[in-house]
file my_file_18.txt (compact mmCIF, C-alpha atoms and all ligand atoms)
# COMPACT_ATOMS: atom_id res chain seq x y z
CA MET A 180 127.98 129.16 52.25
CA PRO A 181 129.55 132.54 52.99
CA ILE A 182 128.35 134.05 49.66
CA ARG A 183 125.63 136.66 50.28
CA PRO A 184 124.04 138.99 47.73
CA ALA A 185 125.16 142.57 48.41
CA THR A 186 122.15 144.42 49.84
CA ALA A 187 121.85 147.26 52.36
CA ASP A 188 121.40 144.63 55.11
CA THR A 189 124.27 142.31 54.18
CA ILE A 190 126.59 145.30 53.65
CA ALA A 191 125.68 146.65 57.10
CA ALA A 192 126.35 143.21 58.63
CA ALA A 193 129.66 142.93 56.74
CA ALA A 194 130.67 146.39 58.01
CA GLU A 195 129.99 145.15 61.54
CA VAL A 196 132.24 142.12 60.89
CA LEU A 197 135.01 144.46 59.71
CA ARG A 198 134.67 146.72 62.75
CA ALA A 199 134.91 143.63 64.97
CA GLY A 200 138.22 142.65 63.33
CA GLY A 201 136.91 140.01 60.89
CA LEU A 202 137.54 139.41 57.20
CA VAL A 203 135.06 140.22 54.42
CA ALA A 204 135.50 139.57 50.70
CA PHE A 205 133.86 142.30 48.64
CA PRO A 206 133.57 143.35 45.00
CA THR A 207 135.45 146.28 43.52
CA GLU A 208 135.39 147.38 39.89
CA THR A 209 138.77 145.65 39.36
CA VAL A 210 138.74 142.34 41.23
CA TYR A 211 137.25 141.04 44.50
CA GLY A 212 139.20 142.17 47.57
CA LEU A 213 139.80 140.49 50.95
CA GLY A 214 139.11 143.30 53.40
CA ALA A 215 140.02 144.02 57.02
CA ASP A 216 140.09 147.14 59.18
CA ALA A 217 143.43 148.70 58.18
CA THR A 218 143.87 150.28 61.62
CA ASN A 219 143.56 146.91 63.41
CA ALA A 220 146.87 144.99 63.36
CA ARG A 221 145.27 141.67 64.36
CA ALA A 222 142.66 141.98 61.64
CA VAL A 223 145.34 142.79 59.05
CA ALA A 224 147.37 139.80 60.24
CA GLY A 225 144.30 137.70 59.45
CA ILE A 226 144.56 138.74 55.78
CA PHE A 227 148.15 137.51 55.54
CA ALA A 228 147.23 134.24 57.25
CA ALA A 229 144.17 133.59 55.06
CA LYS A 230 146.03 134.26 51.80
CA GLY A 231 149.33 132.67 52.79
CA ARG A 232 150.83 136.01 51.77
CA PRO A 233 154.46 136.90 52.53
CA ARG A 234 154.58 139.61 55.19
CA PHE A 235 156.97 141.79 53.21
CA ASN A 236 154.22 142.38 50.63
CA PRO A 237 152.23 145.49 51.67
CA LEU A 238 148.49 145.99 51.13
CA ILE A 239 146.38 148.66 49.43
CA VAL A 240 144.29 150.77 51.81
CA HIS A 241 140.83 151.59 50.42
CA VAL A 242 138.95 154.77 51.35
CA ALA A 243 135.65 156.25 50.20
CA GLU A 244 136.95 159.55 48.85
CA ALA A 245 140.16 161.33 48.01
CA ALA A 246 139.97 163.64 51.05
CA ASP A 247 140.24 160.58 53.33
CA ALA A 248 143.69 159.73 51.93
CA ALA A 249 145.09 162.91 53.47
CA ARG A 250 144.50 161.43 56.94
CA PHE A 251 147.41 159.02 56.56
CA ALA A 252 149.39 160.07 53.49
CA ILE A 253 151.02 163.18 52.11
CA VAL A 254 148.92 164.17 49.11
CA ASP A 255 151.02 166.46 46.94
CA ARG A 256 149.97 168.36 43.82
CA ARG A 257 150.69 165.40 41.48
CA ALA A 258 148.56 163.13 43.65
CA GLU A 259 145.75 165.69 43.67
CA VAL A 260 145.81 165.90 39.90
CA LEU A 261 145.71 162.11 39.48
CA ALA A 262 142.98 161.79 42.11
CA ALA A 263 140.85 164.36 40.30
CA ALA A 264 141.30 162.50 37.02
CA PHE A 265 140.99 158.86 38.12
CA TRP A 266 139.33 158.57 41.56
CA PRO A 267 137.09 156.87 42.24
CA GLY A 268 138.58 154.20 40.01
CA ALA A 269 141.25 151.63 39.20
CA LEU A 270 144.27 153.71 40.23
CA THR A 271 146.39 153.03 43.33
CA MET A 272 148.87 155.69 44.44
CA VAL A 273 151.89 154.95 46.61
CA LEU A 274 152.42 158.03 48.80
CA VAL A 275 154.64 158.97 51.74
CA LYS A 276 152.95 158.09 55.04
CA SER A 277 151.93 161.01 57.23
CA ALA A 278 153.47 161.43 60.70
CA ALA A 279 150.38 160.37 62.65
CA CYS A 280 149.34 157.59 60.27
CA PRO A 281 146.80 155.37 62.08
CA ILE A 282 147.26 152.44 59.67
CA ALA A 283 148.72 149.21 61.12
CA ASP A 284 152.42 148.83 60.27
CA LEU A 285 151.76 145.32 59.03
CA ALA A 286 149.49 146.72 56.28
CA THR A 287 152.40 148.72 54.86
CA ALA A 288 154.98 146.01 55.66
CA GLY A 289 156.81 148.57 57.78
CA LEU A 290 157.52 150.83 54.78
CA ASP A 291 157.39 154.63 55.10
CA THR A 292 155.03 154.67 52.13
CA ILE A 293 151.39 153.63 51.79
CA ALA A 294 149.31 152.47 48.82
CA VAL A 295 145.87 154.13 48.67
CA ARG A 296 142.87 153.63 46.40
CA VAL A 297 139.32 155.00 46.15
CA PRO A 298 137.25 152.28 44.45
CA SER A 299 134.25 153.29 42.36
CA HIS A 300 132.17 150.12 42.84
CA ARG A 301 128.85 150.91 44.54
CA SER A 302 129.09 148.01 47.02
CA ALA A 303 132.71 148.78 47.87
CA GLN A 304 131.76 152.41 48.43
CA ALA A 305 128.80 151.43 50.62
CA LEU A 306 130.89 148.97 52.65
CA ILE A 307 133.72 151.44 53.32
CA ARG A 308 131.26 154.14 54.38
CA ALA A 309 129.29 151.75 56.59
CA ALA A 310 132.45 150.40 58.24
CA GLY A 311 133.72 153.91 58.92
CA VAL A 312 137.33 152.69 58.83
CA PRO A 313 139.91 152.45 56.02
CA ILE A 314 139.92 148.94 54.58
CA ALA A 315 143.12 147.09 53.78
CA ALA A 316 142.40 144.69 50.92
CA PRO A 317 144.54 142.60 48.62
CA SER A 318 142.92 140.60 45.86
CA ALA A 319 140.83 137.82 47.47
CA ASN A 320 142.84 134.86 46.17
CA ARG A 321 145.39 132.59 47.79
CA SER A 322 148.82 134.20 47.41
CA GLY A 323 150.32 133.57 43.98
CA HIS A 324 147.00 132.55 42.41
CA VAL A 325 144.93 134.26 39.73
CA SER A 326 142.86 137.17 41.13
CA PRO A 327 139.10 136.58 41.60
CA THR A 328 136.59 138.33 39.38
CA THR A 329 133.51 136.45 40.69
CA PRO A 330 132.30 135.38 44.17
CA ALA A 331 132.73 131.74 43.09
CA HIS A 332 136.45 132.39 42.45
CA VAL A 333 136.78 133.77 45.99
CA GLU A 334 134.94 130.81 47.46
CA ALA A 335 137.17 128.35 45.61
CA ASP A 336 140.32 129.94 47.07
CA LEU A 337 139.24 131.27 50.48
CA GLY A 338 135.70 130.00 51.15
CA ASP A 339 136.64 128.43 54.50
CA LYS A 340 138.65 131.46 55.65
CA VAL A 341 136.27 134.42 55.27
CA ASP A 342 133.20 135.30 57.25
CA THR A 343 131.30 136.74 54.29
CA ILE A 344 131.68 137.04 50.53
CA LEU A 345 129.53 139.93 49.32
CA ASP A 346 128.16 139.02 45.88
CA ASP A 347 127.61 141.78 43.34
CA GLY A 348 128.30 139.75 40.21
CA PRO A 349 131.42 139.64 38.02
CA THR A 350 133.73 142.65 38.21
CA ALA A 351 133.65 145.08 35.28
CA VAL A 352 137.36 145.83 34.77
CA GLY A 353 138.61 142.33 35.54
CA ILE A 354 142.24 143.21 36.18
CA GLU A 355 143.83 144.84 39.25
CA SER A 356 144.38 148.56 39.66
CA THR A 357 147.30 150.42 38.11
CA VAL A 358 149.90 151.20 40.81
CA VAL A 359 151.81 154.48 40.46
CA ASP A 360 154.57 155.39 42.92
CA LEU A 361 154.48 159.09 43.81
CA SER A 362 156.69 158.79 46.91
CA GLY A 363 159.84 159.94 45.10
CA PRO A 364 160.74 162.90 42.88
CA ALA A 365 159.67 161.16 39.64
CA PRO A 366 156.44 159.14 39.37
CA THR A 367 156.99 155.52 38.34
CA LEU A 368 154.67 152.76 37.20
CA LEU A 369 154.89 149.86 39.67
CA ARG A 370 152.08 147.76 38.16
CA ALA A 371 150.21 148.09 34.89
CA GLY A 372 146.50 147.69 35.55
CA GLY A 373 142.93 148.73 34.93
CA ILE A 374 143.77 152.27 33.86
CA ALA A 375 146.01 152.41 30.80
CA SER A 376 149.42 153.92 31.54
CA GLU A 377 148.97 156.16 28.46
CA ALA A 378 145.99 157.84 30.15
CA ILE A 379 148.00 158.52 33.31
CA GLU A 380 150.96 159.84 31.32
CA ALA A 381 148.63 162.18 29.44
CA ILE A 382 147.39 163.70 32.71
CA LEU A 383 150.84 163.92 34.33
CA GLY A 384 152.41 165.25 31.14
CA VAL A 385 155.44 162.97 31.56
CA ALA A 386 156.34 159.44 30.54
CA LEU A 387 156.13 156.94 33.42
CA PRO A 388 159.31 154.96 33.89
CA ARG A 389 158.58 151.34 34.86
CA GLY A 390 159.61 150.48 38.42
CA THR A 391 162.69 148.33 38.75
CA HIS A 392 161.93 144.67 39.36
CA ASP A 393 164.68 143.51 41.66
CA ALA A 394 163.85 139.89 42.48
CA GLU A 395 165.15 140.23 46.07
CA ARG A 396 163.65 143.61 46.92
CA PRO A 397 160.86 144.31 44.46
CA ALA A 398 159.73 147.94 44.38
CA SER A 399 156.17 146.66 44.43
CA PRO A 400 156.58 143.33 46.18
CA GLY A 401 153.49 141.81 44.54
CA GLN A 402 155.37 142.06 41.28
CA LEU A 403 157.34 138.88 41.88
CA ALA A 404 158.17 137.16 38.61
CA SER A 405 156.05 134.10 39.30
CA HIS A 406 152.55 135.26 40.19
CA TYR A 407 149.07 134.64 38.83
CA ALA A 408 150.11 131.03 38.40
CA PRO A 409 147.58 128.58 36.98
CA ARG A 410 148.35 124.86 37.44
CA ALA A 411 148.93 124.44 33.72
CA ALA A 412 152.05 125.77 32.01
CA VAL A 413 151.51 128.91 29.92
CA ARG A 414 153.02 129.25 26.43
CA LEU A 415 153.03 132.82 25.12
CA ASP A 416 152.88 134.21 21.57
CA ALA A 417 151.34 131.03 20.20
CA THR A 418 150.23 131.16 16.56
CA SER A 419 148.36 127.87 17.01
CA ALA A 420 147.66 125.34 19.77
CA ARG A 421 149.19 121.86 19.79
CA PRO A 422 147.26 118.66 20.49
CA GLY A 423 146.53 118.40 24.23
CA GLU A 424 146.85 122.14 24.80
CA ALA A 425 144.13 124.70 25.53
CA LEU A 426 144.00 127.88 23.45
CA LEU A 427 143.56 131.35 24.95
CA ALA A 428 142.62 133.31 21.85
CA PHE A 429 142.37 137.01 21.04
CA GLY A 430 140.85 138.74 18.02
CA PRO A 431 138.88 137.62 14.97
CA ALA A 432 141.50 135.35 13.32
CA VAL A 433 141.63 132.26 15.55
CA PRO A 434 143.41 129.13 14.29
CA GLY A 435 141.32 125.94 14.36
CA HIS A 436 141.91 123.84 17.47
CA ASP A 437 140.55 120.48 18.58
CA GLY A 438 140.54 121.25 22.32
CA PRO A 439 139.37 123.85 24.83
CA VAL A 440 139.33 127.40 23.40
CA VAL A 441 138.38 130.69 25.06
CA ASN A 442 138.51 133.92 23.07
CA LEU A 443 139.23 136.92 25.33
CA SER A 444 137.79 139.32 22.76
CA PRO A 445 136.66 138.23 19.30
CA SER A 446 136.66 141.89 18.23
CA GLY A 447 140.22 142.43 19.49
CA ASP A 448 139.30 144.89 22.26
CA THR A 449 141.79 144.96 25.19
CA ILE A 450 139.18 146.33 27.63
CA GLU A 451 136.90 143.37 26.95
CA ALA A 452 139.90 141.01 27.11
CA ALA A 453 140.94 142.35 30.54
CA ALA A 454 137.43 141.76 31.89
CA ASN A 455 137.57 138.13 30.71
CA LEU A 456 141.23 137.28 31.45
CA PHE A 457 141.20 135.75 34.95
CA ALA A 458 137.97 133.77 34.50
CA ALA A 459 139.37 132.42 31.21
CA LEU A 460 142.62 131.32 32.88
CA ARG A 461 140.67 129.57 35.64
CA GLN A 462 138.33 127.92 33.10
CA LEU A 463 141.13 126.59 30.89
CA ASP A 464 143.12 125.49 33.93
CA ALA A 465 140.09 123.54 35.15
CA ALA A 466 139.93 121.73 31.79
CA GLY A 467 142.95 119.76 33.01
CA VAL A 468 145.32 120.51 30.12
CA THR A 469 149.07 120.59 30.78
CA THR A 470 149.61 123.79 28.77
CA ILE A 471 147.61 126.90 27.89
CA ALA A 472 148.77 128.40 24.57
CA VAL A 473 148.18 132.15 24.42
CA MET A 474 147.85 134.14 21.19
CA PRO A 475 149.71 137.48 20.96
CA ILE A 476 147.91 140.50 22.46
CA PRO A 477 148.87 144.08 21.56
CA ASP A 478 150.82 145.92 24.27
CA THR A 479 148.73 149.11 24.15
CA GLY A 480 145.80 150.22 26.34
CA LEU A 481 144.93 147.49 28.84
CA GLY A 482 147.06 145.10 26.75
CA GLU A 483 150.09 146.20 28.79
CA ALA A 484 148.50 144.92 32.02
CA ILE A 485 147.18 141.75 30.34
CA ASN A 486 150.63 140.91 28.96
CA ASP A 487 152.21 141.64 32.34
CA ARG A 488 149.88 139.13 34.04
CA LEU A 489 150.38 136.53 31.29
CA ARG A 490 154.19 136.83 31.52
CA ARG A 491 153.96 136.24 35.27
CA ALA A 492 151.62 133.31 34.74
CA ALA A 493 154.20 131.85 32.31
CA ALA A 494 157.23 132.44 34.59
CA ARG A 495 157.76 129.27 36.58
O1 LIG B 1 142.61 146.35 42.05
C1 LIG B 1 143.32 146.17 43.05
O2 LIG B 1 144.36 146.82 43.26
C2 LIG B 1 142.86 145.11 44.06
C3 LIG B 1 141.53 145.56 44.66
C4 LIG B 1 141.04 144.64 45.73
O3 LIG B 1 141.66 146.87 45.12
N1 LIG B 1 143.85 144.91 45.06
C5 LIG B 1 145.04 144.32 44.78
O4 LIG B 1 145.86 144.18 45.89
O5 LIG B 1 145.37 143.94 43.68
P1 LIG B 1 147.16 143.28 45.90
O6 LIG B 1 147.57 143.22 47.32
O7 LIG B 1 146.87 141.98 45.24
O8 LIG B 1 148.21 144.13 45.12
C6 LIG B 1 148.72 145.32 45.69
C7 LIG B 1 149.99 145.72 45.02
C8 LIG B 1 151.10 144.72 45.30
O9 LIG B 1 151.89 144.59 44.12
C9 LIG B 1 151.89 145.41 46.42
O10 LIG B 1 153.23 144.98 46.46
C10 LIG B 1 151.77 146.87 46.00
O11 LIG B 1 150.43 146.98 45.54
N2 LIG B 1 151.97 147.78 47.12
C11 LIG B 1 151.20 147.97 48.19
N3 LIG B 1 151.73 148.88 49.03
C12 LIG B 1 152.87 149.31 48.46
C13 LIG B 1 153.88 150.24 48.84
N4 LIG B 1 153.82 150.95 49.98
N5 LIG B 1 154.93 150.42 48.00
C14 LIG B 1 154.99 149.73 46.82
N6 LIG B 1 154.07 148.82 46.42
C15 LIG B 1 153.03 148.61 47.23
MG MG B 2 146.94 140.14 44.36

call {"tool": "encode", "arguments": {"input": "my_file_18.txt", "output": "structure tokens", "more": "lines below"}}
Ligand code: TXA
Ligand code: MG
result
Amino acid sequence: MPIRPATADTIAAAAEVLRAGGLVAFPTETVYGLGADATNARAVAGIFAAKGRPRFNPLIVHVAEAADAARFAIVDRRAEVLAAAFWPGALTMVLVKSAACPIADLATAGLDTIAVRVPSHRSAQALIRAAGVPIAAPSANRSGHVSPTTPAHVEADLGDKVDTILDDGPTAVGIESTVVDLSGPAPTLLRAGGIASEAIEAILGVALPRGTHDAERPASPGQLASHYAPRAAVRLDATSARPGEALLAFGPAVPGHDGPVVNLSPSGDTIEAAANLFAALRQLDAAGVTTIAVMPIPDTGLGEAINDRLRRAAAR
């Protein structure tokens, strides 16, 4: 059983595993990540192998504080302003790589840009500091699957492929970080996520255009149309569930249904719904239904990220 409660001792041991080139799954405030030393090409290759991830899809590099990002990326004024507002936290910035960037090319898929994040989670912070190296970490699921929000989710997908899964309970945000591309003249939103795009726009003082989603060359390659795929089909904007379906509900007014039902937020709160989303998809998928019917969710706040993930789950 690679699941170990996150304590000072297990974090120190996990940091040693990372320094030796191994893989460690660890909690962040968004989802569990599958970490490796970002400066070690062989270790990073291990992430792609374990996940079955396409090599053109670059990884996020995690550091303990904003100042560390300047060691491998060009942090301009806009990036400084966003870092001050949202780091540590669920924001990933895509920046231009610096000339002497020590990060393995495989981690950035050979791009001249790099995605950087400073997580706020106490165990993630402790692990990064103990390892003393930047940590490349995608979500700790098999490629194309729903992201893990509990250690059990990680074990189900990757249990035989990681040395250690650090257990610090379910993640608070429940949905991946928001990815903003600052490598060009105008910031763009590459992935809606745990920080509402409205909050980022308010700080930047400009509207964030959504990145183009070219199926062949996606701006953020993880944004392939079919992602987050449960086994069951997903039917969006359902006003009721049909016999044999499961119902993923939202809000106080839920239609009666004689089958599995999970309500993401009975009070209609998108923050609560985001925290519950991936576990709910896994739970309903495990019920063995052929289709998960999903009630409409407002597109504001974290609803934008939730609807993005649900559309991808439905696209097959
Ligand atoms: O919350 C999160 O972001 C979690 C935790 C573990 O930090 N990580 C995560 O990683 O969701 P991953 O690999 O599942 O998603 C990273 C996203 C992908 O869509 C990837 O294509 C994009 O970031 N990305 C990474 N580097 C990029 C780059 N240089 N340019 C554009 N997109 C990039
Ligand atoms: Mg992922």

call {"tool": "residues_near_ligand", "arguments": {"input": "my_file_18.txt", "ligand": "ligand LIG 1 (chain B)", "cutoff": "8 Å", "atoms": "all atoms listed in the file", "output": "number ranges by chain"}}
result
A: 206-213, 236-239, 241, 269-271, 273-274, 286-288, 290-296, 298, 316-319, 326, 354-358, 360, 369-370, 372-373, 397-402

call {"tool": "axis_aligned_box", "arguments": {"input": "my_file_18.txt", "around": "segment 292-303 of chain A", "padding_each_side": "3 Å", "output": "lines of an AutoDock Vina configuration file"}}
result
center_x = 141.9
center_y = 151.5
center_z = 47.2
size_x = 32.2
size_y = 13.0
size_z = 15.8

call {"tool": "residues_around", "arguments": {"input": "my_file_18.txt", "residues": "Cys280 of chain A", "least_positions_apart": "2", "cutoff": "8 Å", "atoms": "only C-alpha atoms", "output": "PyMOL selection string"}}
result
chain A and resi 250-252+276-278+282

call {"tool": "residues_around", "arguments": {"input": "my_file_18.txt", "residues": "segment 413-430 of chain A", "least_positions_apart": "3", "cutoff": "7 Å", "atoms": "only C-alpha atoms", "output": "PDB file with C-alpha atoms, in the frame of the given file"}}
result
ATOM      1  CA  VAL A 433     141.630 132.260  15.550  1.00  0.00           C
ATOM      2  CA  PRO A 434     143.410 129.130  14.290  1.00  0.00           C
ATOM      3  CA  HIS A 436     141.910 123.840  17.470  1.00  0.00           C
ATOM      4  CA  GLY A 438     140.540 121.250  22.320  1.00  0.00           C
ATOM      5  CA  PRO A 439     139.370 123.850  24.830  1.00  0.00           C
ATOM      6  CA  VAL A 440     139.330 127.400  23.400  1.00  0.00           C
ATOM      7  CA  VAL A 441     138.380 130.690  25.060  1.00  0.00           C
ATOM      8  CA  ASN A 442     138.510 133.920  23.070  1.00  0.00           C
ATOM      9  CA  LEU A 443     139.230 136.920  25.330  1.00  0.00           C
ATOM     10  CA  SER A 444     137.790 139.320  22.760  1.00  0.00           C
ATOM     11  CA  PRO A 445     136.660 138.230  19.300  1.00  0.00           C
ATOM     12  CA  SER A 446     136.660 141.890  18.230  1.00  0.00           C
ATOM     13  CA  GLY A 447     140.220 142.430  19.490  1.00  0.00           C
ATOM     14  CA  LEU A 463     141.130 126.590  30.890  1.00  0.00           C
ATOM     15  CA  VAL A 468     145.320 120.510  30.120  1.00  0.00           C
ATOM     16  CA  THR A 469     149.070 120.590  30.780  1.00  0.00           C
ATOM     17  CA  THR A 470     149.610 123.790  28.770  1.00  0.00           C
ATOM     18  CA  ILE A 471     147.610 126.900  27.890  1.00  0.00           C
ATOM     19  CA  ALA A 472     148.770 128.400  24.570  1.00  0.00           C
ATOM     20  CA  VAL A 473     148.180 132.150  24.420  1.00  0.00           C
ATOM     21  CA  MET A 474     147.850 134.140  21.190  1.00  0.00           C
ATOM     22  CA  PRO A 475     149.710 137.480  20.960  1.00  0.00           C
ATOM     23  CA  ILE A 476     147.910 140.500  22.460  1.00  0.00           C
ATOM     24  CA  ALA A 492     151.620 133.310  34.740  1.00  0.00           C
ATOM     25  CA  ALA A 493     154.200 131.850  32.310  1.00  0.00           C
TER      26      ALA A 493
END

call {"tool": "closest_residue", "arguments": {"input": "my_file_18.txt", "among": "A:Leu361, A:Ala243, A:Ile382, A:Ala408", "to": "ligand MG 2 (chain B)", "atoms": "all atoms listed in the file"}}
result
A:Ala408

call {"tool": "atom_distance", "arguments": {"input": "my_file_18.txt", "atom1": "atom CA of Ala224 of chain A", "atom2": "atom CA of Leu285 of chain A"}}
result
7.2 Å

call {"tool": "atom_distance", "arguments": {"input": "my_file_18.txt", "atom1": "atom CA of Ala249 of chain A", "atom2": "atom CA of Ala303 of chain A"}}
result
19.6 Å

call {"tool": "closest_residue", "arguments": {"input": "my_file_18.txt", "among": "A:Ala411, A:Ala466, A:Ala494, A:Ile226", "to": "ligand MG 2 (chain B)", "atoms": "only C-alpha atoms and all ligand atoms"}}
result
A:Ile226

call {"tool": "atom_distance", "arguments": {"input": "my_file_18.txt", "atom1": "atom CA of Ala262 of chain A", "atom2": "atom CA of Ala245 of chain A"}}
result
6.6 Å

call {"tool": "residues_around", "arguments": {"input": "my_file_18.txt", "residues": "Ala215 of chain A", "least_positions_apart": "4", "cutoff": "6 Å", "atoms": "all atoms listed in the file", "output": "list in words"}}
result
Leu197, Leu202, Ala222, Val223, Ile314 and Ala315 of chain A

call {"tool": "residues_near_point", "arguments": {"input": "my_file_18.txt", "point": "(132.5, 139.6, 35.1)", "cutoff": "9 Å", "atoms": "only C-alpha atoms", "output": "list of chain:residue names"}}
result
A:Thr328, A:Thr329, A:Gly348, A:Pro349, A:Thr350, A:Ala351, A:Val352, A:Gly353, A:Ala454, A:Asn455, A:Ala458

call {"tool": "closest_residue", "arguments": {"input": "my_file_18.txt", "among": "A:Val254, A:Ala365, A:Val325, A:Ala220", "to": "ligand MG 2 (chain B)", "atoms": "only C-alpha atoms and all ligand atoms"}}
result
A:Val325

call {"tool": "closest_residue", "arguments": {"input": "my_file_18.txt", "among": "A:Asp478, A:Arg183, A:Arg321, A:Ala258", "to": "ligand MG 2 (chain B)", "atoms": "all atoms listed in the file"}}
result
A:Arg321

call {"tool": "closest_residue", "arguments": {"input": "my_file_18.txt", "among": "A:Ala453, A:Phe205, A:Gly467, A:Val196", "to": "Glu334 of chain A", "atoms": "all atoms listed in the file"}}
result
A:Phe205

call {"tool": "residues_around", "arguments": {"input": "my_file_18.txt", "residues": "Pro184 of chain A", "least_positions_apart": "6", "cutoff": "9 Å", "atoms": "all atoms listed in the file", "output": "short mmCIF file (atom, residue, chain, number, x, y, z; two decimals) with C-alpha atoms, keeping the file's coordinate frame"}}
result
data_model
loop_
_atom_site.label_atom_id
_atom_site.label_comp_id
_atom_site.auth_asym_id
_atom_site.auth_seq_id
_atom_site.Cartn_x
_atom_site.Cartn_y
_atom_site.Cartn_z
CA ILE A 344 131.68 137.04 50.53
CA LEU A 345 129.53 139.93 49.32
CA ASP A 346 128.16 139.02 45.88
CA ASP A 347 127.61 141.78 43.34
CA GLY A 348 128.30 139.75 40.21
#

call {"tool": "closest_residue", "arguments": {"input": "my_file_18.txt", "among": "A:Leu460, A:Ala217, A:Ala199, A:Ile485", "to": "Pro313 of chain A", "atoms": "all atoms listed in the file"}}
result
A:Ala217

call {"tool": "build_atoms", "arguments": {"input": "my_file_18.txt", "residues": "segment 472-478 of chain A", "atoms": "all heavy atoms", "output": "tab-separated table (two decimals), in the coordinates of the input"}}
result
chain	number	residue	atom	x	y	z
A	472	ALA	N	148.09	127.61	25.61
A	472	ALA	CA	148.77	128.40	24.57
A	472	ALA	C	148.03	129.73	24.44
A	472	ALA	O	146.81	129.76	24.35
A	472	ALA	CB	148.75	127.63	23.25
A	473	VAL	N	148.78	130.83	24.42
A	473	VAL	CA	148.18	132.15	24.42
A	473	VAL	C	148.56	132.89	23.14
A	473	VAL	O	149.75	133.04	22.83
A	473	VAL	CB	148.65	132.99	25.63
A	473	VAL	CG1	147.95	134.33	25.67
A	473	VAL	CG2	148.43	132.22	26.93
A	474	MET	N	147.57	133.36	22.40
A	474	MET	CA	147.85	134.14	21.19
A	474	MET	C	148.41	135.52	21.57
A	474	MET	O	148.19	136.00	22.67
A	474	MET	CB	146.56	134.31	20.37
A	474	MET	CG	146.12	133.02	19.68
A	474	MET	SD	144.55	133.22	18.80
A	474	MET	CE	145.01	134.38	17.50
A	475	PRO	N	149.15	136.16	20.66
A	475	PRO	CA	149.71	137.48	20.96
A	475	PRO	C	148.60	138.51	21.19
A	475	PRO	O	147.56	138.47	20.54
A	475	PRO	CB	150.51	137.84	19.70
A	475	PRO	CG	150.53	136.65	18.84
A	475	PRO	CD	149.49	135.69	19.32
A	476	ILE	N	148.84	139.42	22.13
A	476	ILE	CA	147.91	140.50	22.46
A	476	ILE	C	148.69	141.81	22.36
A	476	ILE	O	149.81	141.90	22.87
A	476	ILE	CB	147.33	140.28	23.87
A	476	ILE	CG1	146.49	139.00	23.89
A	476	ILE	CG2	146.51	141.49	24.34
A	476	ILE	CD1	146.11	138.50	25.23
A	477	PRO	N	148.13	142.83	21.71
A	477	PRO	CA	148.87	144.08	21.56
A	477	PRO	C	149.20	144.70	22.92
A	477	PRO	O	148.45	144.53	23.88
A	477	PRO	CB	147.91	144.98	20.77
A	477	PRO	CG	146.58	144.34	20.87
A	477	PRO	CD	146.80	142.88	21.09
A	478	ASP	N	150.33	145.42	23.00
A	478	ASP	CA	150.82	145.92	24.27
A	478	ASP	C	150.31	147.32	24.60
A	478	ASP	O	150.84	147.99	25.49
A	478	ASP	CB	152.35	145.91	24.24
A	478	ASP	CG	152.94	145.50	25.58
A	478	ASP	OD1	152.27	144.74	26.32
A	478	ASP	OD2	154.05	145.95	25.90
